[in-house]
Structures are given as structure tokens and as C-alpha cells.
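Worksheet: one structure, shown below.
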Amino acid sequence: MSIVNEFNEVFGTRENSVSFLSPGRINLIGEHTDYNDGYVFPSAISSGTYGVVSLREDSLIRVYSANFSEDGIIELDLNDLKRHDLQWPNYIIGMVTFLKEEGYQIDKGWDFYIKGTIPNGAGLSSSASLEILVATVVKELFGLDVSDLELIRLGKKVENEFIGVNSGIMDQFGIVKGRKNKAVLLNCQTLEFEHVTVDLKEHQIVIMNTNKKRQLSDSDYNSRQKESAEAFEILKRERGISSMSEVTLEMLLTLEDTLGEVLFKRVRHIVTESARTLLSYQALNKGDLDGFGELLNQSHRSLRDDYEVSCLELDTLVETAWEQPGVLGARMMGAGFGGCSMAIVSEKEVPAFIEAVGAKYKEVIGYEADFYIETIGDGPRVLD
């Protein structure tokens, strides 16, 4: 059944419905660097969040999520938007609220069918995908003159101020600026970016989902952000820096005792991960896939040992992946503490890879991982 037919099943047949897709994203490398003014390397993916909308003549937004079908149709009133007891409607409420606060005219409601093909809580930015879907829908419905950067900023604001996750700007940026077969090298301090062709030749991106769920606002993610902020204040006092991007490894080594073991490790990850991201950019531009793969491996070790955001589930997937033939590299992805990891695998080895890694994961963890093949796709758009 097409997504339009699914909309019709829920809301009734409409002649004026419009379909949208907002992709998810992967981050090739550059993890936990976005809120530390470092470099990141995200790309939009083929999976995403689909939406079908039909404009109404009243102030009601009637929304239904196929991923949370047990919740039925949720009714929101444009004239009385407030936080919902359920979590997923808050991404819609937050984005519409902040658009209205910016002065954009949103004077009618709409019926809104949502269906995500991104696993929730897996580290593929299902929340940012939904935020940008809502922004794209509203922009199209009401003809809003709002820039990409403004949509990105508002998406981040929803996460930070409405949901309570102290995330950076990477997720929304990677989605909005997504281009087919290209990643986005982004300087998170200046927001300067470059589209970079990603040619993996005879290799595929395999996403490995731990199926261990985590709620970022309730996890250690925010504590890592606080540790980074604490370390920055020390470095600012001791070395006069104005941004974490100014910290070099040489500078850091002179402050190991001042920072203490934990904060020293956190900053070492930030500095080396940002450097690895630039080296990955260079490797892909040269077609050095082996070098790129090794940088992915180094990234995982740093996230595991220095930033300490990995877990048994992620380590089992990644370390088992490293042992398989045809693997260029693998690492955990996203915030950590569960969610997904990524491997770059030779196309001909993918079936055997999934079987071997899946079997080892079930043996160690006791339940199954899921595997997806992802391609690098375009950003949010109206569908034909």
C-alpha cells in the first residue's frame, strides 16, 4: 500500500494531499565533536520519515504516526500548543511553536500522516528527520520564506530547548544539506561546509543496530556535554582559548594534571576526532579507502576508551566486524550507549558478514542485532 493510500485509510480520501520525505543521516566520522566546535562528516541516507499532509480550514493539526499506531490520531490546536504527555508529538509541537515565535504565519491546521523507516533511538537521527519533515511541510504549505540555515537552527533549538537534549547542529545540517552520493564536511564553529563525493567503489555501508534502546535526554549523553563544557572553562582559564577548536594535542599534553584523568581523556577524543575527520576528507578525495577505513577504526577506539560512550553491545558488533573479510573499517555511530554502528564492507562479502556478525552478537548479547544496507541520498523534499 502506498503512503498516500495509508493516509486515506486513516483520514479519508483527499484530493489535495501532498507527500514529503525527510531523510535520516549517518555520520561517516566526527562523533561528539559538533557541540565542541569541531569537524563532522554527515550524509543524508535513503531511509527517512515520510509524511502526507492535507490542509484544513480550522486550527487543528491532526497527526497520526504509523510507528506509534497504538496512540491513534493526536489532535493539536495551533491556538493552544503545549507539551504533550507522549514524546513523539513534541517534535512537531516544538517546531511549529518556534516557527510561530519567529513570526512566520501559520494560520490553518492540517491532517498529517507520518511513517518513519528509521529505527527510533538507533542513532540515525530519527528525531531530527521528524523535525525537518515538519519544517519542510510547514514551509511548503504556507509558502514561508525561511532559509535552510534557519530550519537547521530551529531544529537544533527544538532538541535543546523543547526536548532537553544538549545536541549540536550536525544532525539537522546533514539532513537539510543532504545530496545524493555526497557527504557534508562541516566546520561546526563557523558553519562553513563542503559537499564531498563519497565513492566507496565495490563497498557498501552496513548499519548494525544493537536493538538496545536509549533515551538521550535520560542518558549519559548530556553528562558528556557537561564534561566538555567544564573542560573548556579550564582550558579557557589556563590558555585563553575562545573555542575548543583552538586546542592542539601539544597544548593538551601540558595540561593533563590540571584537567585530571577524565576530562583529559574527553578533550583528547575531541581533538583527535576532529583531526581524523579532516584526514578522512583527504583520504576520500584521494580515493584512499584503506586509509579511510583505518580512521573509522581509530574513531571507535577513541569513543570507547577516551569518550567512554560505547557499550558491550556496540563493541561486540564493531570488534566482530573488524575480524571479517572485506571490511575496510567499522565504528560506533551517534551518541552511543546503544543504537547503531557502521561498517564499510565489500559488496560480495556482505551476506557472509551479516551472518557472522549476527551470530556472534546473539551468542554474546543473547538477542539479535538488525542489519541494513544504506546509501547516501538527497535532503528533504516534496515527492511526486
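Residues in the C-alpha cells are numbered from 1 in each chain, the chains being A, B, ... in the order shown, and ligands are numbered from 1 in the order shown.
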
Residues near stretch 196-210 of chain A, cut-off 9 Å, only C-alpha atoms, skip fewer than 2 positions along chain, as a count of residues only:
49

Using the chain letters and numbers from this document, which residues of stretch 166-332 of chain A does DSSP assign to strand (DSSP E), as a PyMOL selection string?
chain A and resi 182-187+193-197+203-209+327-332

Dump as a PDB file, in the first residue's frame, selection limited to N, CA and C atoms:
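Listed below is the output, out.pdb:
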```pdb
ATOM      1  N   LYS A 182      26.934  12.265  -1.749  1.00  0.00           N
ATOM      2  CA  LYS A 182      27.860  13.254  -1.198  1.00  0.00           C
ATOM      3  C   LYS A 182      27.692  13.352   0.318  1.00  0.00           C
ATOM      4  N   ALA A 183      28.795  13.500   1.011  1.00  0.00           N
ATOM      5  CA  ALA A 183      28.773  13.802   2.439  1.00  0.00           C
ATOM      6  C   ALA A 183      29.046  15.295   2.619  1.00  0.00           C
ATOM      7  N   VAL A 184      28.783  15.779   3.820  1.00  0.00           N
ATOM      8  CA  VAL A 184      28.946  17.200   4.123  1.00  0.00           C
ATOM      9  C   VAL A 184      30.060  17.360   5.144  1.00  0.00           C
ATOM     10  N   LEU A 185      31.188  17.904   4.715  1.00  0.00           N
ATOM     11  CA  LEU A 185      32.231  18.244   5.675  1.00  0.00           C
ATOM     12  C   LEU A 185      31.851  19.587   6.287  1.00  0.00           C
ATOM     13  N   LEU A 186      31.586  19.584   7.593  1.00  0.00           N
ATOM     14  CA  LEU A 186      31.059  20.774   8.263  1.00  0.00           C
ATOM     15  C   LEU A 186      31.970  21.202   9.397  1.00  0.00           C
ATOM     16  N   ASN A 187      32.344  22.469   9.374  1.00  0.00           N
ATOM     17  CA  ASN A 187      33.030  23.098  10.495  1.00  0.00           C
ATOM     18  C   ASN A 187      31.940  23.633  11.426  1.00  0.00           C
ATOM     19  N   PHE A 193      30.870  24.738   5.070  1.00  0.00           N
ATOM     20  CA  PHE A 193      30.728  23.329   4.708  1.00  0.00           C
ATOM     21  C   PHE A 193      31.098  23.100   3.248  1.00  0.00           C
ATOM     22  N   GLU A 194      31.335  21.849   2.940  1.00  0.00           N
ATOM     23  CA  GLU A 194      31.679  21.458   1.573  1.00  0.00           C
ATOM     24  C   GLU A 194      31.055  20.100   1.295  1.00  0.00           C
ATOM     25  N   HIS A 195      30.425  19.979   0.135  1.00  0.00           N
ATOM     26  CA  HIS A 195      29.922  18.680  -0.296  1.00  0.00           C
ATOM     27  C   HIS A 195      31.086  17.875  -0.886  1.00  0.00           C
ATOM     28  N   VAL A 196      31.206  16.634  -0.432  1.00  0.00           N
ATOM     29  CA  VAL A 196      32.330  15.787  -0.817  1.00  0.00           C
ATOM     30  C   VAL A 196      31.783  14.492  -1.411  1.00  0.00           C
ATOM     31  N   THR A 197      32.208  14.165  -2.620  1.00  0.00           N
ATOM     32  CA  THR A 197      31.769  12.916  -3.247  1.00  0.00           C
ATOM     33  C   THR A 197      32.294  11.721  -2.465  1.00  0.00           C
ATOM     34  N   HIS A 203      32.098  -1.308  -2.396  1.00  0.00           N
ATOM     35  CA  HIS A 203      31.788  -1.495  -0.978  1.00  0.00           C
ATOM     36  C   HIS A 203      30.426  -0.893  -0.648  1.00  0.00           C
ATOM     37  N   GLN A 204      29.841  -1.373   0.417  1.00  0.00           N
ATOM     38  CA  GLN A 204      28.551  -0.884   0.870  1.00  0.00           C
ATOM     39  C   GLN A 204      28.625  -0.447   2.330  1.00  0.00           C
ATOM     40  N   ILE A 205      27.719   0.457   2.682  1.00  0.00           N
ATOM     41  CA  ILE A 205      27.593   0.894   4.076  1.00  0.00           C
ATOM     42  C   ILE A 205      26.591  -0.025   4.757  1.00  0.00           C
ATOM     43  N   VAL A 206      27.063  -0.759   5.758  1.00  0.00           N
ATOM     44  CA  VAL A 206      26.199  -1.671   6.514  1.00  0.00           C
ATOM     45  C   VAL A 206      25.980  -1.068   7.901  1.00  0.00           C
ATOM     46  N   ILE A 207      24.730  -0.817   8.232  1.00  0.00           N
ATOM     47  CA  ILE A 207      24.370  -0.309   9.555  1.00  0.00           C
ATOM     48  C   ILE A 207      24.015  -1.499  10.432  1.00  0.00           C
ATOM     49  N   MET A 208      24.613  -1.542  11.611  1.00  0.00           N
ATOM     50  CA  MET A 208      24.396  -2.649  12.551  1.00  0.00           C
ATOM     51  C   MET A 208      23.691  -2.095  13.788  1.00  0.00           C
ATOM     52  N   ASN A 209      22.457  -2.495  13.980  1.00  0.00           N
ATOM     53  CA  ASN A 209      21.636  -1.957  15.069  1.00  0.00           C
ATOM     54  C   ASN A 209      21.688  -2.900  16.270  1.00  0.00           C
ATOM     55  N   VAL A 327      36.203  -6.086   5.134  1.00  0.00           N
ATOM     56  CA  VAL A 327      35.789  -4.919   5.918  1.00  0.00           C
ATOM     57  C   VAL A 327      36.901  -3.870   5.896  1.00  0.00           C
ATOM     58  N   LEU A 328      36.579  -2.683   5.397  1.00  0.00           N
ATOM     59  CA  LEU A 328      37.551  -1.595   5.396  1.00  0.00           C
ATOM     60  C   LEU A 328      37.699  -0.984   6.783  1.00  0.00           C
ATOM     61  N   GLY A 329      36.573  -0.862   7.494  1.00  0.00           N
ATOM     62  CA  GLY A 329      36.599  -0.249   8.818  1.00  0.00           C
ATOM     63  C   GLY A 329      35.207  -0.281   9.420  1.00  0.00           C
ATOM     64  N   ALA A 330      35.155  -0.073  10.730  1.00  0.00           N
ATOM     65  CA  ALA A 330      33.859  -0.066  11.424  1.00  0.00           C
ATOM     66  C   ALA A 330      33.993   0.762  12.689  1.00  0.00           C
ATOM     67  N   ARG A 331      32.874   1.364  13.101  1.00  0.00           N
ATOM     68  CA  ARG A 331      32.862   2.141  14.333  1.00  0.00           C
ATOM     69  C   ARG A 331      31.431   2.315  14.834  1.00  0.00           C
ATOM     70  N   MET A 332      31.303   2.633  16.108  1.00  0.00           N
ATOM     71  CA  MET A 332      30.001   3.021  16.635  1.00  0.00           C
ATOM     72  C   MET A 332      29.602   4.364  16.042  1.00  0.00           C
TER      73      MET A 332
END
```

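Around A:Trp88, within 9 Å and counting only C-alpha atoms, the residues found are Ser65, Phe68, Ser127 and Leu130 of chain A, once anything fewer than 6 positions away on its own chain is removed.
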
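From atom CA of A:Gly30 back to atom CA of A:Thr277, the distance works out to 5.5 Å.
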
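Here atom CA of A:Asp305 and atom CA of A:Met333 stand 14.7 Å from one another.
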
Among the residues of stretch 102-284 of chain A, find those DSSP assigns to helix (DSSP H, G or I) from the backbone and print them as a compact mmCIF listing (two decimals) with N, CA, C and O atoms, in the first residue's frame.
```
# COMPACT_ATOMS: atom_id res chain seq x y z
N SER A 126 16.45 9.86 13.80
CA SER A 126 15.00 9.83 13.55
C SER A 126 14.33 11.09 14.08
O SER A 126 13.37 11.59 13.47
N SER A 127 14.82 11.64 15.18
CA SER A 127 14.19 12.84 15.74
C SER A 127 14.46 14.06 14.86
O SER A 127 13.54 14.83 14.55
N ALA A 128 15.70 14.25 14.43
CA ALA A 128 16.00 15.38 13.54
C ALA A 128 15.27 15.23 12.21
O ALA A 128 14.83 16.21 11.61
N SER A 129 15.14 13.99 11.73
CA SER A 129 14.40 13.75 10.49
C SER A 129 12.96 14.20 10.63
O SER A 129 12.40 14.84 9.72
N LEU A 130 12.33 13.93 11.78
CA LEU A 130 10.95 14.36 12.02
C LEU A 130 10.86 15.88 12.13
O LEU A 130 9.95 16.50 11.57
N GLU A 131 11.81 16.48 12.84
CA GLU A 131 11.81 17.95 12.96
C GLU A 131 11.88 18.62 11.59
O GLU A 131 11.12 19.56 11.30
N ILE A 132 12.79 18.12 10.76
CA ILE A 132 12.97 18.73 9.44
C ILE A 132 11.79 18.40 8.52
O ILE A 132 11.42 19.21 7.67
N LEU A 133 11.17 17.24 8.70
CA LEU A 133 9.95 16.95 7.97
C LEU A 133 8.88 17.99 8.28
O LEU A 133 8.25 18.55 7.37
N VAL A 134 8.67 18.26 9.57
CA VAL A 134 7.66 19.24 9.97
C VAL A 134 7.98 20.61 9.38
O VAL A 134 7.11 21.30 8.83
N ALA A 135 9.24 21.01 9.48
CA ALA A 135 9.65 22.32 8.94
C ALA A 135 9.42 22.39 7.44
O ALA A 135 8.96 23.42 6.91
N THR A 136 9.74 21.31 6.73
CA THR A 136 9.57 21.27 5.27
C THR A 136 8.09 21.34 4.90
O THR A 136 7.70 22.03 3.95
N VAL A 137 7.27 20.60 5.65
CA VAL A 137 5.82 20.61 5.42
C VAL A 137 5.26 22.01 5.60
O VAL A 137 4.52 22.53 4.75
N VAL A 138 5.60 22.64 6.72
CA VAL A 138 5.06 23.98 7.02
C VAL A 138 5.55 25.00 5.99
O VAL A 138 4.78 25.85 5.52
N LYS A 139 6.81 24.91 5.63
CA LYS A 139 7.36 25.83 4.63
C LYS A 139 6.61 25.71 3.32
O LYS A 139 6.27 26.71 2.68
N GLU A 140 6.31 24.48 2.91
CA GLU A 140 5.61 24.25 1.64
C GLU A 140 4.14 24.65 1.73
O GLU A 140 3.61 25.32 0.82
N LEU A 141 3.46 24.28 2.81
CA LEU A 141 2.03 24.56 2.94
C LEU A 141 1.73 26.06 2.95
O LEU A 141 0.74 26.51 2.38
N PHE A 142 2.60 26.80 3.64
CA PHE A 142 2.31 28.21 3.87
C PHE A 142 3.22 29.15 3.09
O PHE A 142 3.19 30.37 3.28
N ASP A 148 17.50 27.58 4.61
CA ASP A 148 17.98 26.30 5.12
C ASP A 148 18.61 26.45 6.51
O ASP A 148 18.36 25.64 7.42
N LEU A 149 19.43 27.47 6.66
CA LEU A 149 20.14 27.65 7.93
C LEU A 149 19.16 27.93 9.07
O LEU A 149 19.37 27.47 10.20
N GLU A 150 18.10 28.66 8.77
CA GLU A 150 17.09 28.92 9.79
C GLU A 150 16.38 27.64 10.19
O GLU A 150 16.14 27.39 11.39
N LEU A 151 16.04 26.78 9.23
CA LEU A 151 15.41 25.50 9.55
C LEU A 151 16.34 24.64 10.39
O LEU A 151 15.91 23.98 11.34
N ILE A 152 17.62 24.64 10.04
CA ILE A 152 18.61 23.88 10.80
C ILE A 152 18.69 24.39 12.23
O ILE A 152 18.67 23.61 13.19
N ARG A 153 18.76 25.70 12.37
CA ARG A 153 18.87 26.30 13.71
C ARG A 153 17.64 26.00 14.55
O ARG A 153 17.75 25.69 15.75
N LEU A 154 16.46 26.07 13.94
CA LEU A 154 15.24 25.80 14.69
C LEU A 154 15.13 24.32 15.09
O LEU A 154 14.64 24.00 16.17
N GLY A 155 15.60 23.43 14.21
CA GLY A 155 15.62 22.02 14.57
C GLY A 155 16.49 21.76 15.79
O GLY A 155 16.12 21.01 16.69
N LYS A 156 17.66 22.37 15.81
CA LYS A 156 18.55 22.25 16.96
C LYS A 156 17.89 22.83 18.21
O LYS A 156 17.99 22.27 19.32
N LYS A 157 17.18 23.95 18.05
CA LYS A 157 16.52 24.59 19.18
C LYS A 157 15.43 23.67 19.76
O LYS A 157 15.26 23.61 20.98
N VAL A 158 14.73 22.96 18.90
CA VAL A 158 13.72 22.00 19.38
C VAL A 158 14.39 20.95 20.26
O VAL A 158 13.90 20.63 21.36
N GLU A 159 15.50 20.39 19.78
CA GLU A 159 16.21 19.37 20.56
C GLU A 159 16.67 19.93 21.91
O GLU A 159 16.48 19.31 22.96
N ASN A 160 17.28 21.11 21.87
CA ASN A 160 17.91 21.67 23.07
C ASN A 160 16.89 22.18 24.07
O ASN A 160 16.98 21.88 25.27
N GLU A 161 15.92 22.95 23.59
CA GLU A 161 15.05 23.70 24.50
C GLU A 161 13.68 23.06 24.71
O GLU A 161 13.05 23.32 25.73
N PHE A 162 13.22 22.25 23.75
CA PHE A 162 11.90 21.66 23.89
C PHE A 162 11.97 20.21 24.34
O PHE A 162 11.16 19.76 25.16
N ILE A 163 12.96 19.48 23.82
CA ILE A 163 13.10 18.06 24.17
C ILE A 163 14.04 17.87 25.35
O ILE A 163 13.85 17.00 26.18
N MET A 170 24.82 19.12 13.99
CA MET A 170 25.17 18.21 12.89
C MET A 170 23.97 17.50 12.27
O MET A 170 23.86 17.40 11.05
N ASP A 171 23.09 16.94 13.09
CA ASP A 171 22.01 16.11 12.56
C ASP A 171 21.15 16.88 11.58
O ASP A 171 20.89 16.43 10.45
N GLN A 172 20.69 18.04 12.00
CA GLN A 172 19.84 18.84 11.13
C GLN A 172 20.59 19.33 9.89
O GLN A 172 20.05 19.36 8.78
N PHE A 173 21.86 19.69 10.07
CA PHE A 173 22.66 20.19 8.95
C PHE A 173 22.85 19.09 7.91
O PHE A 173 22.69 19.32 6.70
N GLY A 174 23.22 17.90 8.38
CA GLY A 174 23.46 16.79 7.46
C GLY A 174 22.22 16.41 6.67
O GLY A 174 22.29 16.00 5.51
N ILE A 175 21.05 16.53 7.31
CA ILE A 175 19.79 16.20 6.63
C ILE A 175 19.41 17.27 5.62
O ILE A 175 19.15 16.99 4.45
N VAL A 176 19.38 18.53 6.06
CA VAL A 176 18.93 19.62 5.19
C VAL A 176 19.86 19.78 3.99
O VAL A 176 19.41 20.04 2.86
N LEU A 216 17.97 9.70 24.93
CA LEU A 216 19.14 10.58 25.09
C LEU A 216 18.99 11.56 26.24
O LEU A 216 19.95 11.83 26.96
N SER A 217 17.80 12.09 26.43
CA SER A 217 17.66 13.09 27.49
C SER A 217 17.79 12.46 28.88
O SER A 217 17.98 13.17 29.86
N ASP A 218 17.71 11.12 28.93
CA ASP A 218 17.85 10.44 30.21
C ASP A 218 19.18 9.72 30.34
O ASP A 218 19.41 9.00 31.31
N TYR A 221 24.53 11.07 27.73
CA TYR A 221 24.87 12.00 26.65
C TYR A 221 25.02 13.42 27.19
O TYR A 221 26.00 14.11 26.92
N ASN A 222 24.03 13.85 27.96
CA ASN A 222 24.10 15.22 28.48
C ASN A 222 25.27 15.40 29.44
O ASN A 222 25.84 16.49 29.55
N SER A 223 25.64 14.33 30.16
CA SER A 223 26.78 14.44 31.07
C SER A 223 28.08 14.63 30.30
O SER A 223 28.99 15.34 30.76
N ARG A 224 28.20 14.02 29.10
CA ARG A 224 29.39 14.24 28.28
C ARG A 224 29.46 15.68 27.82
O ARG A 224 30.53 16.29 27.77
N GLN A 225 28.31 16.24 27.50
CA GLN A 225 28.28 17.65 27.09
C GLN A 225 28.72 18.55 28.25
O GLN A 225 29.48 19.50 28.05
N LYS A 226 28.28 18.21 29.44
CA LYS A 226 28.67 18.99 30.62
C LYS A 226 30.16 18.85 30.91
O LYS A 226 30.82 19.82 31.29
N GLU A 227 30.69 17.65 30.74
CA GLU A 227 32.14 17.45 30.95
C GLU A 227 32.94 18.26 29.94
O GLU A 227 33.97 18.85 30.29
N SER A 228 32.47 18.29 28.69
CA SER A 228 33.15 19.08 27.67
C SER A 228 33.14 20.56 28.03
O SER A 228 34.16 21.26 27.88
N ALA A 229 32.00 21.03 28.52
CA ALA A 229 31.89 22.44 28.90
C ALA A 229 32.81 22.75 30.09
O ALA A 229 33.45 23.81 30.14
N GLU A 230 32.89 21.82 31.02
CA GLU A 230 33.78 22.01 32.18
C GLU A 230 35.24 22.06 31.74
O GLU A 230 36.02 22.92 32.20
N ALA A 231 35.62 21.16 30.84
CA ALA A 231 36.98 21.15 30.33
C ALA A 231 37.30 22.44 29.58
O ALA A 231 38.40 23.00 29.71
N PHE A 232 36.34 22.93 28.81
CA PHE A 232 36.54 24.18 28.06
C PHE A 232 36.82 25.34 29.01
O PHE A 232 37.72 26.16 28.75
N GLU A 233 36.09 25.44 30.12
CA GLU A 233 36.30 26.53 31.07
C GLU A 233 37.71 26.48 31.66
O GLU A 233 38.35 27.52 31.86
N ILE A 234 38.20 25.28 31.92
CA ILE A 234 39.57 25.14 32.43
C ILE A 234 40.59 25.58 31.38
O ILE A 234 41.53 26.33 31.67
N LEU A 235 40.40 25.12 30.15
CA LEU A 235 41.31 25.48 29.06
C LEU A 235 41.25 26.98 28.76
O LEU A 235 42.28 27.60 28.45
N LYS A 236 40.08 27.55 28.86
CA LYS A 236 39.94 28.99 28.66
C LYS A 236 40.71 29.76 29.72
O LYS A 236 41.42 30.74 29.42
N ARG A 237 40.60 29.30 30.96
CA ARG A 237 41.31 29.97 32.06
C ARG A 237 42.82 29.79 31.94
O ARG A 237 43.60 30.74 32.14
N GLU A 238 43.26 28.59 31.59
CA GLU A 238 44.70 28.29 31.58
C GLU A 238 45.41 28.74 30.31
O GLU A 238 46.58 29.09 30.35
N ARG A 239 44.70 28.71 29.17
CA ARG A 239 45.36 29.00 27.90
C ARG A 239 44.68 30.11 27.09
O ARG A 239 45.10 30.42 25.98
N MET A 244 36.88 25.40 21.63
CA MET A 244 37.57 24.12 21.75
C MET A 244 38.35 23.78 20.49
O MET A 244 39.30 22.99 20.53
N SER A 245 37.98 24.39 19.37
CA SER A 245 38.69 24.13 18.12
C SER A 245 40.13 24.63 18.14
O SER A 245 40.94 24.25 17.30
N GLU A 246 40.47 25.49 19.11
CA GLU A 246 41.83 26.04 19.20
C GLU A 246 42.77 25.10 19.95
O GLU A 246 43.99 25.34 19.96
N LEU A 249 46.87 19.02 20.36
CA LEU A 249 47.30 17.90 21.20
C LEU A 249 48.49 18.31 22.06
O LEU A 249 48.60 17.91 23.23
N GLU A 250 49.37 19.14 21.48
CA GLU A 250 50.54 19.60 22.23
C GLU A 250 50.10 20.43 23.44
O GLU A 250 50.63 20.27 24.56
N MET A 251 49.17 21.33 23.25
CA MET A 251 48.64 22.13 24.35
C MET A 251 48.02 21.23 25.41
O MET A 251 48.24 21.43 26.62
N LEU A 252 47.25 20.26 24.95
CA LEU A 252 46.53 19.39 25.87
C LEU A 252 47.50 18.61 26.77
O LEU A 252 47.25 18.45 27.98
N LEU A 253 48.59 18.14 26.19
CA LEU A 253 49.54 17.33 26.96
C LEU A 253 50.17 18.10 28.11
O LEU A 253 50.56 17.51 29.12
N GLU A 256 47.55 17.93 31.37
CA GLU A 256 46.96 16.66 31.80
C GLU A 256 46.66 16.66 33.30
O GLU A 256 45.58 16.25 33.74
N ASP A 257 47.60 17.14 34.11
CA ASP A 257 47.38 17.15 35.56
C ASP A 257 46.29 18.15 35.95
O ASP A 257 45.50 17.89 36.86
N THR A 258 46.25 19.28 35.26
CA THR A 258 45.25 20.30 35.58
C THR A 258 43.84 19.82 35.29
O THR A 258 42.90 20.05 36.07
N LEU A 259 43.68 19.14 34.16
CA LEU A 259 42.36 18.66 33.77
C LEU A 259 41.91 17.45 34.58
O LEU A 259 40.72 17.26 34.84
N GLY A 260 42.87 16.63 34.98
CA GLY A 260 42.52 15.37 35.62
C GLY A 260 42.28 14.30 34.57
O GLY A 260 42.05 14.59 33.39
N GLU A 261 42.30 13.06 34.99
CA GLU A 261 42.28 11.93 34.04
C GLU A 261 41.04 11.95 33.16
O GLU A 261 41.13 11.80 31.94
N VAL A 262 39.85 12.13 33.73
CA VAL A 262 38.62 12.00 32.96
C VAL A 262 38.49 13.11 31.93
O VAL A 262 38.27 12.85 30.73
N LEU A 263 38.64 14.37 32.34
CA LEU A 263 38.50 15.48 31.40
C LEU A 263 39.60 15.48 30.35
O LEU A 263 39.37 15.85 29.20
N PHE A 264 40.81 15.05 30.74
CA PHE A 264 41.89 14.94 29.77
C PHE A 264 41.51 13.97 28.66
O PHE A 264 41.69 14.26 27.46
N LYS A 265 40.94 12.82 29.01
CA LYS A 265 40.53 11.85 28.00
C LYS A 265 39.42 12.39 27.12
O LYS A 265 39.41 12.16 25.91
N ARG A 266 38.49 13.11 27.73
CA ARG A 266 37.39 13.66 26.93
C ARG A 266 37.92 14.63 25.87
O ARG A 266 37.53 14.58 24.71
N VAL A 267 38.82 15.52 26.28
CA VAL A 267 39.35 16.51 25.33
C VAL A 267 40.25 15.83 24.30
O VAL A 267 40.26 16.21 23.13
N ARG A 268 41.00 14.81 24.72
CA ARG A 268 41.85 14.10 23.75
C ARG A 268 41.00 13.51 22.64
O ARG A 268 41.38 13.55 21.46
N HIS A 269 39.83 12.97 23.00
CA HIS A 269 38.94 12.47 21.94
C HIS A 269 38.50 13.59 21.02
O HIS A 269 38.54 13.44 19.79
N ILE A 270 38.08 14.70 21.58
CA ILE A 270 37.57 15.82 20.77
C ILE A 270 38.63 16.29 19.78
O ILE A 270 38.35 16.48 18.58
N VAL A 271 39.86 16.47 20.27
CA VAL A 271 40.94 16.97 19.42
C VAL A 271 41.30 15.97 18.34
O VAL A 271 41.42 16.32 17.15
N THR A 272 41.49 14.71 18.72
CA THR A 272 41.91 13.71 17.73
C THR A 272 40.80 13.34 16.77
O THR A 272 41.05 13.05 15.60
N GLU A 273 39.55 13.36 17.24
CA GLU A 273 38.43 13.01 16.35
C GLU A 273 38.24 14.07 15.28
O GLU A 273 37.96 13.75 14.11
N SER A 274 38.37 15.32 15.65
CA SER A 274 38.25 16.38 14.65
C SER A 274 39.37 16.27 13.62
O SER A 274 39.14 16.44 12.42
N ALA A 275 40.56 15.93 14.08
CA ALA A 275 41.69 15.72 13.16
C ALA A 275 41.43 14.53 12.24
O ALA A 275 41.71 14.58 11.03
N ARG A 276 40.88 13.45 12.80
CA ARG A 276 40.56 12.27 11.98
C ARG A 276 39.53 12.61 10.90
O ARG A 276 39.55 12.05 9.80
N THR A 277 38.62 13.51 11.23
CA THR A 277 37.60 13.89 10.26
C THR A 277 38.22 14.58 9.05
O THR A 277 37.87 14.29 7.90
N LEU A 278 39.16 15.48 9.30
CA LEU A 278 39.85 16.15 8.20
C LEU A 278 40.71 15.17 7.40
O LEU A 278 40.78 15.26 6.17
N LEU A 279 41.34 14.23 8.10
CA LEU A 279 42.12 13.21 7.40
C LEU A 279 41.22 12.31 6.55
O LEU A 279 41.62 11.87 5.47
N SER A 280 40.00 12.04 7.03
CA SER A 280 39.05 11.24 6.26
C SER A 280 38.63 11.96 4.99
O SER A 280 38.49 11.36 3.92
N TYR A 281 38.42 13.26 5.12
CA TYR A 281 38.11 14.10 3.95
C TYR A 281 39.22 13.97 2.91
O TYR A 281 38.96 13.78 1.71
N GLN A 282 40.46 14.06 3.36
CA GLN A 282 41.60 13.94 2.44
C GLN A 282 41.67 12.55 1.83
O GLN A 282 41.92 12.39 0.63
N ALA A 283 41.43 11.52 2.65
CA ALA A 283 41.51 10.15 2.16
C ALA A 283 40.45 9.88 1.08
O ALA A 283 40.75 9.27 0.04
N LEU A 284 39.22 10.34 1.31
CA LEU A 284 38.16 10.11 0.32
C LEU A 284 38.44 10.89 -0.96
O LEU A 284 38.16 10.39 -2.06
```
